[in-house]
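Q: Following this message is one structure expressed as structure tokens.
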Amino acid sequence: MQGSATTELQHLLSIPPEGFQGNAHNTAAVALAQLQSLRDSGDTNCLFLRTVLEITQQYPQTNSSSTPTPPSPQTEELLFHCITGFRHVLLAKWNTFSPVFRMAVRDFFLRLGGIQQQHYYSRTIRMASYNTSATFWKRDWQQQQENNNNALSQSTQQPNRPEEHALLETIRSLHQQLQITTLNGKTELFAYLEAGLSQPGPQMLEAATFLSTLVGEFAGKSASNYNMPLEFHKRAHMDFGDDWLDKSLQMSMHALSQVVNMVTTSTTSSPQPDVVVDDFQEELMLSIVQLTIDIIGWDFVDAWDSSIMGMSVIARTVIRPPDSWREYLMHPEFIKAVFHVHGILVHRRPKLGHALRQLLLLLASVHGPMFKNLDERKEFANFLLEGILGLLSTATSAAAQESSELMDTFSMISRLIVNYKMSILVQLQLMTQLFQGMAMIGRHLLHENWKECESVGGDLESMEHREWREEALALLLEGIVMVCGDPWLLYSGDEDQRKLARAALATTLGPLYTEFVTCRTRMARLEEQYLTAHETELDEVREEIFAVDLEEEMASLSNVGRLDLSAALACLSTLFQQLVPQLQSLWDGNVGEVSPEAAGLLEESRLVTMYIGHLLTDDNDGESPQVPDSIVIACQNDGAVTNSIVQAVQTLQQFAQFQVSKIMVHAGDPRLSPLLAKSFLWFLNRWAPAYILPVGYSESSPQQNPILQTWSSPEAMRLAMVSSPSFQQLCQCHCLTAGIRHSAPPAEFESTVKSKAGITNISIDMMRGYQRLPYDIKSKIVTGLIVGCSEKNHEQSNALLNDCMKTIQEVFSSLVHVLSTKQASPEHVDAMEMTSLCVELYGGVARAGEMVFPERIPKFLTPSLPHLSGLMTFYANDLSICEGLLRFFRDYAEQFIAILDAEACLALFQCSADLLKAYSSVHCASSRVIKSDAEEEQSYNDVLCAIQLLIQLGTRDFVDIGISGVDSSQVTDMIFFGLQQILPLMTRGLLQFPTLCEQYFALVGYMMETYPDKVGQLPFELFDALLESLLFGMSYHDPGVAKASFYGISGIFKEHIQNKVLDAHLSSPQGPALIEKCSRRLLMEVVFQNIIWDRLEAAGTTLLTLAALDLSQFAAVVQGITQQMPPENQQRLSQSFQSLLKNEVLAKVISPGYEGRQNRIRFRKDFEDFCNNIHSFLLMR
């Protein structure tokens, strides 16, 4: 260890490490790579620590009169990497160093972090030193004894290695220079910290900063790699929380009272009130406040629970301190003092003010056993509310400029609302003042935004304060939505109390809806005028983000509007009534370009339409659309609200019809905004499913509610559609153009339409427009026409339905005739296009399952099924037609298989089999593979449709089929036949696509679990591919896919235990390795990994089945895995498996009845305990 360690390290960092892949001329990259290499190699020459000691020796003696010169930035950077590098090396090689050496470096780094003299070291270096000392304390925490004998004996031991001895002597030589204190055990550590926290000064800053770091280390917030099992971290977390956290809180609260007294005393005695605390005192107070925050925010749930490791950590809005903390936190004087100090310092020391607000935010989150009863919670909430109102009283002046104070205040309000809920808040007298203050600040921010927007002429980019005001409004709206969306207002407690609360909220917060809508629409109009006048090019990505943000705000704001639905609808109706005459005047004028004024008018109209849509409806994506409960209740209580809703909907419909009439006359007029038309369609698509024929309401709901009855008659709705001239015109367009291709020449198109129309007066332009619609849109129109005119006993409906269906049949019959008589080649472009059109039209028929008397559809489709499946023999290579055919059969099976009779059912099965056979003969032979990582999942929709077709065919009620004359074996044989066709396609690349993967495993998992006896009929290659895909699925990130895979595997092997269905496969040359492969991959890829927790039960069931199948072989796999483990874990792992795999449970794993079920339940509980146990020592951190 001769020479300068610093020089040696700097030279080493200039040389690229072995295997360096980067640019050798990039000195920073080379140095970082060499540092990583040195850490990974274990730093055998102790370069890291030697460099730290060498640099530290340059620190002047304590009694030196000279002013110390801080190290250069380059030296500090090197020192930082040496500190963190040594921490990594010592933690990785902990047991190779002697206890006395570890204690010495631990105390050395604690003192190194405490060097404060004229900020000799930066905060970065000091925090790195504290963190290093804290990690060493934690690493040795459980081995230390509370009696100091063991610690003292360790401190007197001498290191065995000479290099350790030399380093230890160097550290001891620094004791006087740095005033290092030797600490023997936890008790001495906390005595040292308590002494430091007793009086304000440098020692208090050192103690508070280190204790905060120590608390964070035990709380699990560190990024240090201890290379220790999870049980170490769990035990350390538990030990510190049980034995030392209360002591830490006691010390921090004492220190906090000291600094609070320091501030209040200096305020009253200082001749200069503006200078309350200096920079050092601010840093000291910040450290004390941060320490208190870290302690109060301690996670009392097991932060190292292996069942949640690896999951995303959601910010906690509620903390549950123990009952013992009552004496520190349940004091109104304490809360008042914090608010008081905040009021003194908030403008003089903004950073400290922010820290105090974060502490108050935590106090607003306190919940749980600390409160003895509801009255104590109310009292505590009232203390907080008083202080928050004080913050709100100054918030208007703070809102004049960007201020974290305003943001923190809104966050505090949201946390108070989340924690205490409306059921408690309504009982507080100050709550009304809080809502009034929130509404006042909201109005102020909105008005200021509008004034600034007006002053810059709509150029939002020039608005200096817009960004932070929008952030503040978002936080404010978040709190208001939490109030308005509280279920208590609609469902819980006393009804009279709820009505009073809703009325109070409608009075205080309800008017804010009008302010938001007015401000947003005005600003949007002004912005659009500016953009059009200056022909500004818009950033599409930015505009899309802004549109999403605006929609989210509208959805949140709708909760506020529903507090006073009448007022909100009145506001929107007034705005719309003001806009309609202007729009009519605009559209009645001569066709021209869009002026800035016109653009602003159109944009404002679009936003008002969207506001109406959001107010009346919720986004029910993935759910059954329903009228919002708050609207149902409002209509039940006040019939006038229903009239307002009906009037608003009718106004929008009439105006949309007016725009349509103008488009028919002047389709090319740019002032007939497509965006405005899109907003009308958006409103109808969102409103109609919820309000027209409302479903999902229980018998206890108010069926006489006027809003639920307004559009509730299915028959009336269908008859109204049929009698509509627009609907009849749509039917006519379909019948006249159904058989005309897009590529048809104009003369052919016109002659065909006129010959079909006869003497009927038609508009050729309208027919041409309909004919140009994409085929998939025409398919959807067919579905709507069939459902709309499906009233069986209505003459006009029957006539329209017959015309629509007859047209489709004639078109397809013509195509079949042309192809069968070879009048045209199937490869001819016109024949292919006509096939695409026919398949889409039939697809529209297949999706009309919601019609009245749907039995008419199978009678229409069954004769055409053989011809449709036969098209696959011609067009299996054409992915568009191929996918269309598969989609048609899938949709038909999904919509109608439950009502098919025996003849129609057999026809569907036979045609599906022919379809899949023709499909697989082309695509399996072509060996389709993923072309690139960027391959779109949509390119494999044909495979997805084939899988979904098999799933739908398998949903048939087999019992009913048997009664109807169709044996259920015909169904399962058909499914397995289809499965054999698509198995060769399902490569691991295809299984990376989420939807495709999910559907495939839904099919395979269900079939293997339900009909495992069929797998013996598969060729070995297909069975092996099937099993391999199931093994892939069990470790898939989606738990649904994984569970389906597990159930499939366990279903196969359970069947083999009972009926030996796999004998043929297991007797093949590759057969004996199958069970071993399944067992090994189950253990290594799932059971020993963090993913086990979201698929625990399914994985346990599969493990139990594999063990019961052949316990000796399973034990051999376990033994092989155990021997690969570190020696200290081998015995524990072996004992854990022996405790899990009990012979009496394995013997009864497949037993039917009560006993078998009880044994499986018992095993599931044992398996969960087993996973918790092994993860505690197998998973390292």
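Ordering of the structure tokens sets the chain letters (A, B, ...); residue numbers start at 1 within each chain; ligands are numbered from 1 in the order shown.
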Which neighbours of Glu283 in chain A fall inside 10 Å, counting only C-alpha atoms, when residues of the same chain fewer than 6 positions from it are skipped, and could you give them as a ChimeraX atom specification?
A: /A:205,277,289,351-352
Q: Quick one: residues within 9 Å of range 661-663 of chain A, only C-alpha atoms, excluding same-chain residues fewer than 6 positions away - as a ChimeraX atom specification?
A: /A:587-588,669,672
Q: Could you state the separation of CA of Leu607 in chain A and CA of Gln582 in chain A in Å, given to one decimal place?
A: 15.5 Å
Q: Can you list, as a list in words, every protein, DNA or RNA residue that comes within 9 Å of range 781-787 of chain A when you count only C-alpha atoms, leaving out same-chain residues fewer than 2 positions away?
A: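 My list of contacting residues is Arg718, Phe727, Leu730, Cys731, His734, Asp776, Ile777, Lys778, Ser779, Cys789, Ser790, Glu791, Leu800, Leu801, Cys804, Met805, Leu841, Tyr842, Gly843, Gly844, Val845, Ala846, Arg847, Ala848, Gly849, Glu850, Met851 and Val852 of chain A.
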Q: Work out how far CA of Gln729 in chain A is from CA of Leu868 in chain A, in Å to one decimal.
A: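 Between these atoms lies a distance of 29.5 Å.
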Q: Let's see if you can do this: from backbone DSSP, list all alpha helix (DSSP H) residues in range 466-685 of chain A, as a VMD selection string.
A: chain A and resid 466 to 484 495 to 508 511 to 533 540 to 561 565 to 588 596 to 616 629 to 637 639 to 665 674 to 685
